[in-house]
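Have a look at coords.cif; it's mmCIF, C-alpha atoms:
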```
data_work
#
loop_
_atom_site.label_atom_id
_atom_site.label_comp_id
_atom_site.auth_asym_id
_atom_site.auth_seq_id
_atom_site.Cartn_x
_atom_site.Cartn_y
_atom_site.Cartn_z
CA MET A 25 10.94 -2.92 -2.92
CA GLY A 26 12.62 -0.29 -0.72
CA TYR A 27 11.64 3.09 0.73
CA TYR A 28 14.75 4.87 -0.49
CA HIS A 29 12.95 6.17 -3.63
CA TYR A 30 9.98 7.55 -1.66
CA GLU A 31 9.11 11.26 -1.66
CA VAL A 32 6.92 13.13 0.86
CA THR A 33 3.61 12.16 -0.74
CA ASP A 34 4.67 8.50 -1.00
CA PHE A 35 5.35 8.39 2.74
CA LEU A 36 1.99 10.04 3.42
CA GLU A 37 0.18 7.31 1.49
CA ASP A 38 2.12 4.42 3.06
CA GLN A 39 0.20 2.64 5.83
CA TYR A 40 3.31 1.32 7.59
CA PHE A 41 4.80 4.83 7.76
CA LYS A 42 1.51 6.26 9.07
CA SER A 43 1.29 3.53 11.71
CA TRP A 44 4.80 4.39 12.93
CA VAL A 45 4.04 8.11 13.20
CA LEU A 46 0.59 7.82 14.80
CA THR A 47 0.86 4.56 16.80
CA PRO A 48 4.56 3.72 17.09
CA SER A 49 5.69 0.29 18.29
CA GLN A 50 9.15 -0.89 19.27
CA GLU A 51 9.44 -2.80 16.00
CA SER A 52 8.38 0.10 13.77
CA CYS A 53 10.65 2.52 15.66
CA GLU A 54 13.62 0.21 15.14
CA PHE A 55 12.79 -0.12 11.44
CA TRP A 56 12.49 3.61 10.74
CA ASN A 57 15.46 4.54 12.94
CA ASN A 58 17.58 2.05 11.00
CA PHE A 59 16.17 3.40 7.74
CA LEU A 60 17.16 6.98 8.63
CA LEU A 61 20.62 5.83 9.69
CA THR A 62 21.20 4.10 6.38
CA HIS A 63 19.38 6.71 4.27
CA PRO A 64 20.15 10.12 5.84
CA GLU A 65 19.30 11.81 2.54
CA LYS A 66 15.63 10.91 3.22
CA ALA A 67 15.51 12.66 6.62
CA GLU A 68 13.96 15.81 5.16
CA ALA A 69 11.16 13.96 3.35
CA VAL A 70 10.44 11.83 6.44
CA ALA A 71 10.33 14.91 8.69
CA SER A 72 7.97 16.70 6.29
CA ALA A 73 5.54 13.81 6.07
CA LYS A 74 5.68 13.25 9.84
CA TRP A 75 4.89 16.93 10.52
CA VAL A 76 1.80 16.82 8.29
CA LEU A 77 0.49 13.61 9.85
CA LEU A 78 0.92 14.88 13.40
CA GLY A 79 -0.76 18.15 12.45
CA ILE A 80 -3.77 16.30 11.10
CA ARG A 81 -4.02 14.14 14.22
CA SER A 82 -3.96 17.15 16.53
CA GLU A 83 -6.94 18.59 14.68
CA MET A 84 -8.80 15.27 14.73
CA GLU A 85 -8.43 14.76 18.49
CA GLU A 86 -11.22 17.27 19.06
CA ASP A 87 -13.04 17.00 15.75
CA PHE A 88 -12.32 16.38 12.10
CA PRO A 89 -10.60 19.44 10.58
CA THR A 90 -12.93 21.91 8.93
CA GLU A 91 -12.11 23.77 5.74
CA GLY A 92 -11.06 26.71 7.87
CA GLN A 93 -8.67 24.54 9.87
CA VAL A 94 -7.20 23.10 6.69
CA THR A 95 -6.69 26.63 5.36
CA ALA A 96 -5.05 27.61 8.65
CA MET A 97 -2.70 24.64 8.34
CA LEU A 98 -1.65 25.76 4.86
CA ASP A 99 -1.20 29.35 6.08
CA GLU A 100 1.00 28.07 8.90
CA ILE A 101 3.13 26.18 6.40
CA HIS A 102 3.59 29.29 4.27
CA SER A 103 4.32 31.47 7.30
CA ARG A 104 7.07 29.03 8.35
CA LYS A 105 8.60 29.40 4.92
CA GLU A 106 8.56 33.21 5.11
CA ALA A 107 9.79 33.42 8.69
CA THR A 108 12.75 31.15 8.09
CA SER A 109 14.03 33.30 5.22
CA ARG A 110 15.95 35.35 7.83
CA TRP A 111 18.09 32.38 8.87
CA PRO A 112 21.21 30.87 7.28
CA MET A 113 19.34 27.57 6.72
CA ARG A 114 16.94 29.38 4.42
CA GLY A 115 17.38 26.97 1.50
CA LEU A 116 16.63 23.89 3.60
CA TRP A 117 13.56 25.43 5.21
CA LEU A 118 12.21 26.65 1.89
CA ARG A 119 12.50 23.12 0.52
CA LEU A 120 10.85 21.78 3.66
CA GLY A 121 8.04 24.34 3.41
CA ALA A 122 7.53 23.55 -0.27
CA SER A 123 7.37 19.83 0.53
CA LEU A 124 4.81 20.43 3.26
CA SER A 125 2.71 22.64 1.02
CA ALA A 126 2.75 20.02 -1.71
CA ALA A 127 1.92 17.32 0.82
CA ALA A 128 -1.03 19.27 2.20
CA VAL A 129 -2.36 19.91 -1.30
CA VAL A 130 -2.05 16.23 -2.16
CA LEU A 131 -3.82 15.29 1.07
CA LEU A 132 -6.71 17.49 0.04
CA ALA A 133 -6.72 16.00 -3.45
CA ILE A 134 -6.76 12.36 -2.34
CA GLY A 135 -9.43 12.97 0.28
CA TRP A 136 -7.50 12.57 3.55
CA LEU A 137 -9.09 15.75 4.85
CA ARG A 138 -12.53 14.96 3.50
CA GLU A 139 -14.80 14.10 6.41
CA PRO A 140 -16.54 10.76 5.92
CA ASN A 141 -20.28 10.85 6.21
CA ARG A 142 -20.30 8.76 9.40
CA HIS A 143 -23.91 9.50 10.17
CA ASP A 144 -25.38 8.04 6.97
CA ASN A 145 -27.82 5.23 7.58
CA HIS A 146 -26.94 1.79 6.28
CA VAL A 147 -28.26 1.13 2.79
CA SER A 148 -30.29 -2.04 2.52
CA TYR A 149 -30.65 -4.30 -0.50
CA GLU A 150 -34.29 -3.25 -0.84
CA GLU A 151 -33.31 0.42 -0.82
CA LEU A 152 -30.79 -0.19 -3.59
CA LEU A 153 -33.45 -1.87 -5.71
CA SER A 154 -36.06 0.82 -5.04
CA ALA A 155 -33.73 3.44 -6.51
CA VAL A 156 -33.58 1.66 -9.89
CA ASP A 157 -36.00 3.14 -12.42
CA ALA A 158 -36.16 0.03 -14.62
CA PRO A 159 -37.65 -3.48 -14.37
CA LEU A 160 -35.38 -5.97 -12.59
CA MET A 161 -34.68 -9.69 -12.68
CA GLU A 162 -34.02 -11.25 -9.26
CA GLN A 163 -32.54 -14.57 -8.18
CA THR A 164 -32.51 -15.80 -4.56
CA ASN A 165 -30.70 -18.90 -3.32
CA THR A 166 -33.04 -20.59 -0.84
CA THR A 167 -31.11 -23.87 -0.94
CA THR A 168 -28.22 -25.06 1.25
CA ALA A 169 -25.67 -25.18 -1.60
CA PRO A 170 -24.29 -22.59 -4.05
CA ILE A 171 -26.15 -22.13 -7.34
CA LEU A 172 -24.61 -20.99 -10.65
CA LEU A 173 -26.27 -18.19 -12.58
CA THR A 174 -25.39 -16.99 -16.07
CA LEU A 175 -25.99 -13.36 -17.01
CA PRO A 176 -26.97 -12.20 -20.53
CA ASP A 177 -23.34 -11.15 -21.24
CA SER A 178 -22.10 -14.69 -20.36
CA SER A 179 -20.70 -13.54 -17.00
CA THR A 180 -21.44 -16.02 -14.20
CA ILE A 181 -22.39 -15.68 -10.54
CA LEU A 182 -21.89 -18.46 -8.01
CA LEU A 183 -24.54 -17.42 -5.50
CA GLN A 184 -24.19 -18.68 -1.94
CA PRO A 185 -27.13 -19.78 0.27
CA LYS A 186 -29.26 -17.01 1.81
CA SER A 187 -28.09 -14.60 -0.88
CA SER A 188 -29.86 -12.63 -3.61
CA VAL A 189 -28.87 -10.80 -6.80
CA SER A 190 -30.82 -8.52 -9.09
CA TYR A 191 -30.07 -6.92 -12.46
CA ARG A 192 -31.94 -4.90 -15.05
CA LYS A 193 -34.02 -6.72 -17.65
CA ASP A 194 -32.30 -4.58 -20.29
CA PHE A 195 -28.89 -5.73 -18.95
CA VAL A 196 -27.36 -6.24 -22.41
CA ARG A 197 -28.51 -2.84 -23.69
CA ASN A 198 -27.64 -0.67 -20.70
CA ALA A 199 -24.36 1.30 -20.73
CA LEU A 200 -23.38 -0.30 -17.40
CA ARG A 201 -23.63 -3.95 -16.44
CA GLU A 202 -25.13 -3.36 -12.97
CA VAL A 203 -25.80 -6.04 -10.39
CA TYR A 204 -27.24 -5.64 -6.87
CA LEU A 205 -26.16 -8.14 -4.22
CA SER A 206 -27.28 -9.15 -0.76
CA GLY A 207 -25.15 -11.93 0.75
CA GLU A 208 -22.15 -13.64 -0.83
CA ALA A 209 -21.29 -14.41 -4.44
CA PHE A 210 -18.33 -15.28 -6.66
CA PHE A 211 -18.36 -13.34 -9.93
CA THR A 212 -16.59 -14.35 -13.15
CA VAL A 213 -17.01 -11.38 -15.46
CA THR A 214 -16.74 -11.40 -19.24
CA LYS A 215 -14.32 -8.64 -20.25
CA ASN A 216 -15.77 -5.54 -21.92
CA ARG A 217 -13.92 -2.24 -21.44
CA ARG A 218 -16.76 -0.28 -22.99
CA ARG A 219 -19.32 -1.56 -20.48
CA PRO A 220 -17.94 -1.71 -16.91
CA PHE A 221 -19.41 -4.35 -14.60
CA ILE A 222 -20.70 -2.84 -11.35
CA VAL A 223 -21.76 -4.62 -8.15
CA TYR A 224 -23.70 -2.63 -5.55
CA SER A 225 -23.56 -4.24 -2.10
CA ASN A 226 -24.78 -2.30 0.92
CA GLU A 227 -22.80 0.99 0.92
CA LEU A 228 -19.93 -0.32 -1.23
CA VAL A 229 -19.50 -0.25 -5.00
CA THR A 230 -17.26 -2.74 -6.86
CA LYS A 231 -16.23 -1.98 -10.44
CA VAL A 232 -14.44 -4.27 -12.89
CA LEU A 233 -13.94 -4.56 -16.63
CA GLY A 234 -13.47 -8.33 -16.72
CA THR A 235 -12.14 -10.46 -13.87
CA SER A 236 -13.16 -12.83 -11.07
CA PHE A 237 -13.78 -11.83 -7.47
CA ILE A 238 -15.82 -12.54 -4.34
CA VAL A 239 -18.15 -10.13 -2.54
CA LYS A 240 -19.49 -10.78 0.96
CA ALA A 241 -22.17 -8.26 1.93
CA PHE A 242 -24.82 -9.59 4.29
CA GLU A 243 -27.51 -7.25 5.55
CA ASP A 244 -26.64 -7.51 9.26
CA ALA A 245 -22.83 -7.63 8.83
CA ARG A 246 -20.69 -4.77 10.14
CA GLN A 247 -18.39 -4.87 7.12
CA VAL A 248 -18.32 -5.74 3.43
CA GLU A 249 -15.48 -7.88 2.08
CA VAL A 250 -14.22 -8.03 -1.51
CA SER A 251 -11.37 -10.37 -2.55
CA VAL A 252 -9.79 -10.85 -5.97
CA LYS A 253 -9.09 -14.11 -7.77
CA THR A 254 -7.91 -12.73 -11.12
CA GLY A 255 -7.49 -9.28 -12.69
CA LYS A 256 -8.01 -5.90 -11.07
CA VAL A 257 -10.97 -4.68 -9.02
CA SER A 258 -11.88 -1.15 -7.96
CA VAL A 259 -13.89 -0.59 -4.78
CA PHE A 260 -15.23 2.65 -3.30
CA PRO A 261 -18.05 3.80 -1.01
CA ARG A 262 -21.23 5.20 -2.55
CA THR A 263 -20.50 8.47 -0.72
CA ASP A 264 -17.38 9.04 -2.87
CA THR A 265 -19.16 11.25 -5.39
CA GLU A 266 -16.00 12.05 -7.34
CA VAL A 267 -15.38 8.39 -8.22
CA CYS A 268 -19.06 7.65 -8.72
CA GLU A 269 -19.33 10.42 -11.31
CA GLY A 270 -16.80 8.60 -13.50
CA ILE A 271 -18.27 5.15 -13.00
CA ALA A 272 -19.13 4.69 -16.68
CA SER A 273 -15.54 5.27 -17.82
CA PRO A 274 -13.18 2.33 -18.45
CA GLU A 275 -10.73 3.74 -15.90
CA LEU A 276 -10.53 2.07 -12.48
CA ALA A 277 -10.49 4.50 -9.56
CA GLY A 278 -10.97 4.25 -5.81
CA THR A 279 -9.07 1.50 -3.98
CA ILE A 280 -7.54 -0.97 -6.45
CA ILE A 281 -6.97 -4.57 -5.41
CA THR A 282 -5.28 -7.36 -7.35
CA PRO A 283 -5.03 -11.16 -6.97
CA ASN A 284 -4.40 -12.34 -3.39
CA GLN A 285 -5.60 -8.99 -2.01
CA LYS A 286 -8.88 -8.11 -0.34
CA VAL A 287 -10.55 -5.06 1.17
CA LEU A 288 -12.66 -4.80 4.29
CA PHE A 289 -15.14 -1.94 4.25
CA SER A 290 -16.33 -0.76 7.66
CA ARG A 291 -19.98 0.24 7.36
CA GLU A 292 -19.88 2.20 10.62
CA GLN A 293 -16.78 4.28 9.90
CA VAL A 294 -17.10 4.33 6.09
CA GLN A 295 -13.46 3.24 5.82
CA ILE A 296 -11.66 0.80 3.53
CA ARG A 297 -8.75 -1.35 4.72
CA LYS A 298 -6.63 -3.34 2.27
CA GLU A 299 -5.21 -6.74 3.32
CA LEU A 300 -3.97 -10.01 1.87
CA VAL A 301 -6.38 -12.92 1.56
CA ASP A 302 -6.19 -15.65 4.19
CA SER A 303 -4.57 -18.18 1.82
CA PRO A 304 -2.66 -16.46 -1.01
CA GLU A 305 -2.17 -18.66 -4.09
CA ILE A 306 0.55 -18.79 -6.74
CA LEU A 307 -0.65 -16.97 -9.84
CA ALA A 308 -1.25 -19.10 -12.91
CA SER A 309 0.42 -17.35 -15.87
CA ALA A 310 2.63 -18.45 -18.73
CA VAL A 311 4.66 -15.22 -18.53
CA LEU A 312 5.51 -15.43 -14.82
CA PRO A 313 8.60 -17.22 -13.52
CA ALA A 314 8.24 -20.56 -11.77
CA PRO A 315 8.23 -20.37 -7.96
CA LEU A 316 11.58 -21.26 -6.40
CA LEU A 317 11.49 -24.58 -4.55
CA LYS A 318 15.19 -25.27 -3.94
CA PHE A 319 17.97 -22.71 -3.67
CA GLN A 320 21.50 -22.53 -2.28
CA ASP A 321 23.32 -19.37 -1.14
CA MET A 322 20.71 -17.23 -2.87
CA PRO A 323 20.48 -13.49 -2.05
CA VAL A 324 17.31 -12.73 -0.13
CA SER A 325 16.51 -9.94 -2.60
CA ALA A 326 16.29 -12.50 -5.44
CA LEU A 327 14.17 -14.87 -3.36
CA LEU A 328 11.75 -12.17 -2.24
CA GLY A 329 11.57 -10.88 -5.80
CA ASN A 330 10.49 -14.33 -6.97
CA ILE A 331 7.79 -14.47 -4.29
CA GLU A 332 6.55 -11.00 -5.29
CA GLU A 333 6.19 -12.06 -8.92
CA THR A 334 4.69 -15.51 -8.38
CA TYR A 335 2.12 -14.31 -5.83
CA GLY A 336 1.55 -10.82 -7.27
CA ILE A 337 2.19 -9.01 -3.97
CA ASP A 338 4.58 -6.31 -2.73
CA ILE A 339 7.23 -7.09 -0.12
CA VAL A 340 8.72 -4.02 1.56
CA TYR A 341 12.17 -4.30 3.14
CA ASP A 342 15.41 -2.36 3.45
CA ASP A 343 17.62 -3.64 0.65
CA ARG A 344 20.79 -2.40 2.36
CA LEU A 345 20.04 -4.49 5.45
CA PHE A 346 18.67 -7.66 3.88
CA GLY A 347 19.34 -7.58 0.14
CA GLN A 348 22.65 -9.47 0.27
CA CYS A 349 21.72 -11.96 2.98
CA LEU A 350 22.22 -15.50 1.63
CA LEU A 351 19.84 -18.40 2.20
CA THR A 352 19.88 -22.11 1.45
CA ALA A 353 16.59 -23.98 1.80
CA SER A 354 13.88 -25.93 -0.02
CA PHE A 355 10.11 -25.55 -0.13
CA THR A 356 7.52 -28.25 -0.67
CA THR A 357 3.88 -27.57 0.20
CA GLU A 358 4.34 -24.56 2.48
CA SER A 359 1.85 -21.69 2.26
CA LEU A 360 3.04 -18.16 1.50
CA TYR A 361 2.97 -17.23 5.18
CA GLU A 362 4.92 -20.36 6.12
CA LYS A 363 7.54 -19.53 3.47
CA MET A 364 7.91 -16.02 4.83
CA GLU A 365 8.23 -17.33 8.39
CA LEU A 366 11.10 -19.61 7.30
CA ILE A 367 12.82 -16.84 5.33
CA CYS A 368 12.53 -14.36 8.20
CA LYS A 369 13.83 -16.94 10.67
CA GLY A 370 16.88 -17.41 8.46
CA ILE A 371 17.70 -13.68 8.40
CA GLU A 372 16.59 -12.93 11.99
CA ALA A 373 13.69 -10.77 10.90
CA SER A 374 9.91 -10.69 11.14
CA PHE A 375 7.08 -9.61 8.85
CA GLU A 376 3.60 -8.16 9.10
CA ILE A 377 0.81 -7.34 6.65
CA VAL A 378 0.27 -3.60 6.18
CA ASP A 379 -2.07 -2.13 3.55
CA GLY A 380 -2.01 -5.31 1.48
CA LYS A 381 1.82 -5.52 1.54
CA MET A 382 4.31 -7.66 3.45
CA VAL A 383 6.68 -5.51 5.51
CA VAL A 384 9.91 -7.19 6.66
CA THR A 385 11.75 -5.66 9.62
CA GLY A 386 14.85 -6.57 11.60
CA HIS A 387 18.50 -5.68 12.14
CA GLY A 388 19.78 -7.22 8.93
CA CYS A 389 22.73 -9.55 8.44
CA ASN A 390 25.49 -7.09 7.50
#
```
Take the structure in this file and express it as C-alpha cells.
Amino acid sequence: MGYYHYEVTDFLEDQYFKSWVLTPSQESCEFWNNFLLTHPEKAEAVASAKWVLLGIRSEMEEDFPTEGQVTAMLDEIHSRKEATSRWPMRGLWLRLGASLSAAAVVLLAIGWLREPNRHDNHVSYEELLSAVDAPLMEQTNTTTAPILLTLPDSSTILLQPKSSVSYRKDFVRNALREVYLSGEAFFTVTKNRRRPFIVYSNELVTKVLGTSFIVKAFEDARQVEVSVKTGKVSVFPRTDTEVCEGIASPELAGTIITPNQKVLFSREQVQIRKELVDSPEILASAVLPAPLLKFQDMPVSALLGNIEETYGIDIVYDDRLFGQCLLTASFTTESLYEKMELICKGIEASFEIVDGKMVVTGHGCN
C-alpha cells in the first residue's frame, strides 16, 4: 500500500506522517524526501497537512487550543485565501486554502482538537459496579490457574488469576450484553449484531458484535491493553461521549482493531495507541491465500501483498522504489518480524511499526 493516493486528511490521520512532521528522524526525512521526489504531484497535499500539524503544535506548546484559538486558526486560513487572490498564483493558493480549511474542519470532526479530560480520576472496578442499577452476578478467580466461565448467551470468558468479572442477572434480556472486568480475561463472544457485547475495564470501553479478544486491565496498572484474536473490536475511552451515545447500535466506532493488532490505552493521558501484537499469527481462513514459503525472482510487491493478506496487516512502502525489487528465498518457521527482517535485508531497507502498520523505508533498488 502506497501513499500516492493520499489526500490532505489521509496524511493528517497517518501516524508515520505525523511523526515525521512533529518529531523528524533521519530515516523519516529520507523517506518523505524520496516520496516527494518521486511524487511531486503530492507536494501540495503534503504541505497543507504539514502546515496544519505545525499550527496545532504551536498552540499546544503553551496549552491545548481553546475554541477561540481554533476559530482564529480557521480565520487565518481564510484570510490567507483572500490575501493571495492578488497574486498570479491565485489558483494554487485557493486550492491550498481550501485544503487547509477542509483539513481543519476534519480535525475538529475527528476530535484532534478536543481536549482530553486529563484530570479525571481513575475509575475503579467497584465504581463501575456501583453505577449499575441492576442486580449483578460476580465471578472472581482466586486460584493460580485460569478458569473458564460461560455466560447465558454461550459466550465464554477465560478468567486469569487475581481477576474478576461481573454482569447483570438479566444478561439475556438486556439490550446490551455488558460485562465489567478487573484484571485479565480472554473473551470468545457469540455473534449477535442486535445485542452488542460491551466490556468495561477501568476507563476503557471495548465493544464487539461477535469475536475473540483479550483485555488486560488491572487496578494499579498505568495502561489498559486490548488485543484481537479474531474479528473486529472497537475500543474507546468512557469520556468519548459521542461514541458512547451510539453504543447500542451495531456499528463499530472509536478505534477499530483487527487480528494481530492491539491497543494500549494510557490512563494518565487518556490516549489510545495502536500497535501489532508481540507474536502475529497467520490467519486461519479458507478464503485467504496460503503463505509463501519458497519463491524465486518474485517482485517484493507480490511478496508483501501475500504477507498483508495472510497476517491481516497493512504494510506501507513506496511502490516505485521497492515494488519491482526481486527476491529469491525460502521460509520455514520464521516469525512475521523475522520474515520482514530477511526481506528488508534483501532490498537494503528497514521497517518499523507505526499505528498498527509496518512501514518500510530505504533507498530502493532501482
(Q) Expand the PyMOL selection byres ((chain A and resi 357) around 12) into the explicit residue set it covers here, and present it as a PyMOL selection string. (A) chain A and resi 305-306+315-317+354-356+358-363
Q.
Using only C-alpha atoms for the distances, tell me which of A:Arg246, A:His387, A:Arg218, A:Arg291 is nearest to Glu275 in chain A.
A.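 Selected residue with least distance to Glu275 in chain A: A:Arg218.
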(Q) Translate the PyMOL selection byres ((chain A and resi 159) around 7) into a concrete residue list for this structure, as a PyMOL selection string. (A) chain A and resi 158+160+192-193
Residues proximal to (-16.9, 4.4, -8.4) were defined as those with any atom within 7 Å of that point in the file's coordinates, counting all atoms listed in the file. Which are they, as a PDB file with C-alpha atoms, in the coordinates of the input?
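For reference, point_13.pdb as written:
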```pdb
ATOM      1  CA  VAL A 229     -19.500  -0.250  -5.000  1.00  0.00           C
ATOM      2  CA  LYS A 231     -16.230  -1.980 -10.440  1.00  0.00           C
ATOM      3  CA  VAL A 259     -13.890  -0.590  -4.780  1.00  0.00           C
ATOM      4  CA  PHE A 260     -15.230   2.650  -3.300  1.00  0.00           C
ATOM      5  CA  VAL A 267     -15.380   8.390  -8.220  1.00  0.00           C
ATOM      6  CA  CYS A 268     -19.060   7.650  -8.720  1.00  0.00           C
ATOM      7  CA  GLY A 270     -16.800   8.600 -13.500  1.00  0.00           C
ATOM      8  CA  ILE A 271     -18.270   5.150 -13.000  1.00  0.00           C
ATOM      9  CA  ALA A 277     -10.490   4.500  -9.560  1.00  0.00           C
ATOM     10  CA  GLY A 278     -10.970   4.250  -5.810  1.00  0.00           C
TER      11      GLY A 278
END
```
Q: Compare A:Cys368, A:Thr174, A:Leu312, A:Tyr27 by their minimum atom-to-atom distance to Asn58 in chain A, counting all atoms listed in the file, and give me the closest one.
A: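 Looking at the shortest contact to Asn58 in chain A, the residue is A:Tyr27.
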Q. Nearest to Val287 in chain A: which of A:Val257, A:Leu307, A:Leu200, A:Leu77 is it, counting only C-alpha atoms?
A. A:Val257
Neighbouring residues of Glu150 in chain A were defined as those with any atom within 10 Å, considering all atoms listed in the file; residues of the same chain fewer than 4 positions away were excluded. Please report them as a JSON list (two decimals) with C-alpha atoms, keeping the file's coordinate frame.
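Below you can see selection_11.json, which holds the result:
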```
[["chain", "number", "residue", "atom", "x", "y", "z"],
["A", 154, "SER", "CA", -36.06, 0.82, -5.04],
["A", 155, "ALA", "CA", -33.73, 3.44, -6.51],
["A", 204, "TYR", "CA", -27.24, -5.64, -6.87],
["A", 206, "SER", "CA", -27.28, -9.15, -0.76],
["A", 226, "ASN", "CA", -24.78, -2.30, 0.92]]
```
Q: Excluding Leu61 in chain A and any residue of its chain fewer than 5 positions from it, enumerate the residues within 12 Å of it, using only C-alpha atoms, and give them as a VMD selection string.
A: chain A and resid 28 54 to 56 66 to 67 342 344 to 345 387
Q. How would you write, as a ChimeraX atom specification, the residues chosen by the PyMOL selection byres ((chain A and resi 321-334) around 12) on this structure?
A. /A:25-26,283-284,304-320,335-355,359-361,363-364,366-368,370-371,373,381-384,388-389
Starting from the incomplete input, reconstruct all heavy atoms of range 148-155 of chain A and write that as a PDB file, in the frame of the given file.
```pdb
ATOM      1  N   SER A 148     -29.861  -0.649   2.624  1.00  0.00           N
ATOM      2  CA  SER A 148     -30.290  -2.040   2.520  1.00  0.00           C
ATOM      3  C   SER A 148     -30.404  -2.458   1.051  1.00  0.00           C
ATOM      4  O   SER A 148     -30.435  -1.620   0.135  1.00  0.00           O
ATOM      5  CB  SER A 148     -31.639  -2.245   3.210  1.00  0.00           C
ATOM      6  OG  SER A 148     -32.659  -1.565   2.495  1.00  0.00           O
ATOM      7  N   TYR A 149     -30.467  -3.751   0.840  1.00  0.00           N
ATOM      8  CA  TYR A 149     -30.650  -4.300  -0.500  1.00  0.00           C
ATOM      9  C   TYR A 149     -31.943  -3.784  -1.127  1.00  0.00           C
ATOM     10  O   TYR A 149     -31.978  -3.390  -2.297  1.00  0.00           O
ATOM     11  CB  TYR A 149     -30.652  -5.822  -0.390  1.00  0.00           C
ATOM     12  CG  TYR A 149     -30.969  -6.588  -1.648  1.00  0.00           C
ATOM     13  CD1 TYR A 149     -30.084  -6.572  -2.727  1.00  0.00           C
ATOM     14  CD2 TYR A 149     -32.134  -7.348  -1.749  1.00  0.00           C
ATOM     15  CE1 TYR A 149     -30.366  -7.304  -3.884  1.00  0.00           C
ATOM     16  CE2 TYR A 149     -32.412  -8.088  -2.889  1.00  0.00           C
ATOM     17  CZ  TYR A 149     -31.524  -8.056  -3.960  1.00  0.00           C
ATOM     18  OH  TYR A 149     -31.802  -8.786  -5.087  1.00  0.00           O
ATOM     19  N   GLU A 150     -33.009  -3.742  -0.336  1.00  0.00           N
ATOM     20  CA  GLU A 150     -34.290  -3.250  -0.840  1.00  0.00           C
ATOM     21  C   GLU A 150     -34.219  -1.787  -1.242  1.00  0.00           C
ATOM     22  O   GLU A 150     -34.822  -1.363  -2.240  1.00  0.00           O
ATOM     23  CB  GLU A 150     -35.382  -3.444   0.216  1.00  0.00           C
ATOM     24  CG  GLU A 150     -35.812  -4.878   0.441  1.00  0.00           C
ATOM     25  CD  GLU A 150     -34.766  -5.681   1.219  1.00  0.00           C
ATOM     26  OE1 GLU A 150     -33.907  -5.047   1.871  1.00  0.00           O
ATOM     27  OE2 GLU A 150     -34.815  -6.919   1.183  1.00  0.00           O
ATOM     28  N   GLU A 151     -33.457  -1.001  -0.475  1.00  0.00           N
ATOM     29  CA  GLU A 151     -33.310   0.420  -0.820  1.00  0.00           C
ATOM     30  C   GLU A 151     -32.537   0.592  -2.121  1.00  0.00           C
ATOM     31  O   GLU A 151     -32.839   1.476  -2.929  1.00  0.00           O
ATOM     32  CB  GLU A 151     -32.622   1.162   0.317  1.00  0.00           C
ATOM     33  CG  GLU A 151     -33.496   1.325   1.550  1.00  0.00           C
ATOM     34  CD  GLU A 151     -32.724   1.895   2.727  1.00  0.00           C
ATOM     35  OE1 GLU A 151     -31.539   1.538   2.905  1.00  0.00           O
ATOM     36  OE2 GLU A 151     -33.318   2.697   3.476  1.00  0.00           O
ATOM     37  N   LEU A 152     -31.528  -0.246  -2.329  1.00  0.00           N
ATOM     38  CA  LEU A 152     -30.790  -0.190  -3.590  1.00  0.00           C
ATOM     39  C   LEU A 152     -31.712  -0.483  -4.771  1.00  0.00           C
ATOM     40  O   LEU A 152     -31.677   0.208  -5.792  1.00  0.00           O
ATOM     41  CB  LEU A 152     -29.642  -1.197  -3.567  1.00  0.00           C
ATOM     42  CG  LEU A 152     -28.441  -0.885  -2.667  1.00  0.00           C
ATOM     43  CD1 LEU A 152     -27.488  -2.080  -2.632  1.00  0.00           C
ATOM     44  CD2 LEU A 152     -27.711   0.360  -3.146  1.00  0.00           C
ATOM     45  N   LEU A 153     -32.546  -1.501  -4.614  1.00  0.00           N
ATOM     46  CA  LEU A 153     -33.450  -1.870  -5.710  1.00  0.00           C
ATOM     47  C   LEU A 153     -34.505  -0.807  -5.949  1.00  0.00           C
ATOM     48  O   LEU A 153     -34.874  -0.531  -7.099  1.00  0.00           O
ATOM     49  CB  LEU A 153     -34.128  -3.210  -5.393  1.00  0.00           C
ATOM     50  CG  LEU A 153     -33.207  -4.432  -5.207  1.00  0.00           C
ATOM     51  CD1 LEU A 153     -34.050  -5.696  -5.061  1.00  0.00           C
ATOM     52  CD2 LEU A 153     -32.229  -4.563  -6.355  1.00  0.00           C
ATOM     53  N   SER A 154     -34.999  -0.184  -4.895  1.00  0.00           N
ATOM     54  CA  SER A 154     -36.060   0.820  -5.040  1.00  0.00           C
ATOM     55  C   SER A 154     -35.582   2.054  -5.794  1.00  0.00           C
ATOM     56  O   SER A 154     -36.402   2.807  -6.334  1.00  0.00           O
ATOM     57  CB  SER A 154     -36.589   1.223  -3.664  1.00  0.00           C
ATOM     58  OG  SER A 154     -35.592   1.892  -2.912  1.00  0.00           O
ATOM     59  N   ALA A 155     -34.265   2.265  -5.828  1.00  0.00           N
ATOM     60  CA  ALA A 155     -33.730   3.440  -6.510  1.00  0.00           C
ATOM     61  C   ALA A 155     -33.542   3.208  -8.006  1.00  0.00           C
ATOM     62  O   ALA A 155     -33.190   4.136  -8.739  1.00  0.00           O
ATOM     63  CB  ALA A 155     -32.386   3.833  -5.885  1.00  0.00           C
TER      64      ALA A 155
END
```
